[in-house]
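Enquirer: My structure is below; once you've seen it, I'll send some questions.
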Amino acid sequence: MPVVTAALDLDTRGHADVHDITDPLAGLIAKSGLANGIVTVFCPSSTSAVTTIEFEPGCVSDLRRMFDEIAPADRGYAHDDTWGDANGYSHMRAALLKASLTVPFVNGRLTLGTWQQIIYVDFDNRPRRRELVVQMIGE
Amino acid sequence: MPVVTAALDLDTRGHADVHDITDPLAGLIAKSGLANGIVTVFCPSSTSAVTTIEFEPGCVSDLRRMFDEIAPADRGYAHDDTWGDANGYSHMRAALLKASLTVPFVNGRLTLGTWQQIIYVDFDNRPRRRELVVQMIGE
Amino acid sequence: MPVVTAALDLDTRGHADVHDITDPLAGLIAKSGLANGIVTVFCPSSTSAVTTIEFEPGCVSDLRRMFDEIAPADRGYAHDDTWGDANGYSHMRAALLKASLTVPFVNGRLTLGTWQQIIYVDFDNRPRRRELVVQMIGE
């Protein structure tokens with residue numbers, strides 16, 4: 001039972017930029033040759049996170065509002081006082097939503113619901129080039 | 001080291017209906033024949049999630065209040081404006097709490113604390129028949 | 001492909017006490033002899049959780065404020081009414097942030113970003129002796 005590690009590159013705009021990464025992940029699973037197992041998607045970043053959602057414009061808009069309320073951009077953060085990069089709110093949102101997601105696959109297919117997609121959320125306050133770690137373990 | 005995939009069926013009432021799924025999960029691990037490894041519990045749904053808690057009525061009530069405050073049911077959501085199913089708040093809560101949980105087991109037993117249970121939370125706004133994906137990897 | 005289970009002991013002070021556990025986790029991966037795979041860090045507790053963050057005093061302070069706002073210590077909780085241990089807010093924070101984190105490692109190294117550390121957050125309201133479960137699966 002091998003371990004297959006891959007990368008997923010993304011160009012993001014920041015400010016809670018939401019990317020549906022379901023199709024590229026499905027492609028990496030197919031390419032791995034594994035039939036059954038888990039895929040772990042991990043953001044090597046402290047200002048972005050990964051989860052699942054029904055990826056449609058309404059939910060994306062609602063998600064942004066929820067995080068605007070939990071960790072508003074327009075207030076002071078101790079992180080910003082020290083480092084001056086003005087993205088303390090990005091760090092808080094990412095720490096809460098978390099950088100890791102593990103999803104089972106069966107017969108080469110992700111076990112997602114019909115209206116459920118895997119999303120990467122870049123909470124940083126500027127465009128970034130991101131490389132996610134995608135690791136599959138299975139048989 | 002095999003991969004064993006199972007299903008866990010639940011009838012839920014919605015409205016942050018909390019189910020303790022520890023015992024059925026322990027049963028599936030026992031049935032898998034695996035001694036050591038991880039179990040990933042995954043909700044193929046965008047309106048429900050899984051976590052751990054001390055499963056007693058007080059914590060369950062407090063959990064509902066916390067999510068009522070984070071994503072209230074009685075306000076507008078862009079998701080609802082588009083789709084009219086009035087469960088935008090369910091989607092937000094599920095995206096935040098996340099559909100996946102991975103727990104190690106050792107000698108056939110979940111490594112939970114004494115006062116810690118694994119729960120499934122159905123945030124949807126109506127009763128549902130749910131089938132969770134339970135996948136064990138180990139030896 | 002073996003499963004290696006280890007323990008990580010911590011003395012915590014409670015009240016959102018944040019510990020950077022990256023170095024001890026890296027040490028356990030090195031000791032496991034595994035090159036590629038995942039490490040799952042699990043808190044066998046219902047009042048603590050694990051995530052990633054840029055571990056610097058500003059972010060730690062901001063994280064505490066965020067959880068003070070999401071689940072304030074100075075209000076009533078149904079859990080406390082029943083059990084009298086006054087840590088209902090600790091349970092809520094832990095259930096939301098979650099007790100489990102899975103991180104891939106490659107060539108024996110955690111795939112963390114440059115400014116990203118793995119943290120254990122003890123939300124309980126008193127000092128505790130904690131033993132985390134650290135389980136590695138890989139090859």
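Just so we're on the same page: first chain in the structure tokens is A, next is B, and so on; residues restart at 1 for each chain, and ligands are numbered from 1 in the order they show up.
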Residues of chain A no more than 6 Å from chain B, counting only C-alpha atoms: send them over as a list in words.
Expert: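 Selected residues: Thr52, Ile53, Glu54, Gly58, Cys59, Leu112, Gly113 and Gln116 of chain A.
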Enquirer: Those residues with C-alpha atoms, as a PDB file, in the first residue's frame please?
Expert:
ATOM      1  CA  THR A  52     -16.113  21.411   1.878  1.00  0.00           C
ATOM      2  CA  ILE A  53     -19.143  23.415   0.789  1.00  0.00           C
ATOM      3  CA  GLU A  54     -21.815  23.552  -1.888  1.00  0.00           C
ATOM      4  CA  GLY A  58     -24.506  32.294  -2.730  1.00  0.00           C
ATOM      5  CA  CYS A  59     -22.649  29.990  -0.326  1.00  0.00           C
ATOM      6  CA  LEU A 112     -18.346  13.522  -1.708  1.00  0.00           C
ATOM      7  CA  GLY A 113     -22.056  14.272  -1.668  1.00  0.00           C
ATOM      8  CA  GLN A 116     -20.485  19.055  -1.988  1.00  0.00           C
TER       9      GLN A 116
END
Enquirer: Give me the residues within 10 Å of A:Val60 as a PDB file with C-alpha atoms, in the first residue's frame, counting only C-alpha atoms and dropping any in the same chain fewer than 3 places off.
Expert:
ATOM      1  CA  ALA A  16     -11.238  35.059   1.142  1.00  0.00           C
ATOM      2  CA  ASP A  17     -10.713  33.930  -2.438  1.00  0.00           C
ATOM      3  CA  VAL A  18     -12.515  30.575  -2.708  1.00  0.00           C
ATOM      4  CA  HIS A  19     -11.340  27.918  -5.198  1.00  0.00           C
ATOM      5  CA  ILE A  53     -19.143  23.415   0.789  1.00  0.00           C
ATOM      6  CA  GLU A  54     -21.815  23.552  -1.888  1.00  0.00           C
ATOM      7  CA  PHE A  55     -19.736  25.610  -4.278  1.00  0.00           C
ATOM      8  CA  GLU A  56     -22.190  28.142  -5.688  1.00  0.00           C
ATOM      9  CA  PRO A  57     -21.965  31.951  -5.555  1.00  0.00           C
ATOM     10  CA  LEU A  63     -18.955  32.165   3.795  1.00  0.00           C
ATOM     11  CA  ARG A  64     -17.130  35.462   3.305  1.00  0.00           C
ATOM     12  CA  ARG A  65     -19.662  37.292   5.461  1.00  0.00           C
ATOM     13  CA  MET A  66     -19.354  34.668   8.232  1.00  0.00           C
ATOM     14  CA  ILE A 119     -12.600  24.261  -1.476  1.00  0.00           C
ATOM     15  CA  VAL A 121      -9.889  29.491   0.866  1.00  0.00           C
TER      16      VAL A 121
ATOM     17  CA  ALA B  78     -27.350  34.680  -0.388  1.00  0.00           C
ATOM     18  CA  HIS B  79     -27.686  30.914  -0.784  1.00  0.00           C
ATOM     19  CA  MET B  92     -22.294  27.892   6.837  1.00  0.00           C
TER      20      MET B  92
END
Enquirer: If we count only C-alpha atoms and set the cut-off at 8 Å, which residues sit around A:Arg13, ignoring sequence neighbours fewer than 3 positions away in its own chain? Please answer as a VMD selection string.
Expert: chain A and resid 17 122 126 to 128
Enquirer: Atom CA of B:Asp9 and atom CA of A:Ala30, how far apart in Å?
Expert: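 Rounded to one decimal, the two atoms are 27.9 Å apart.
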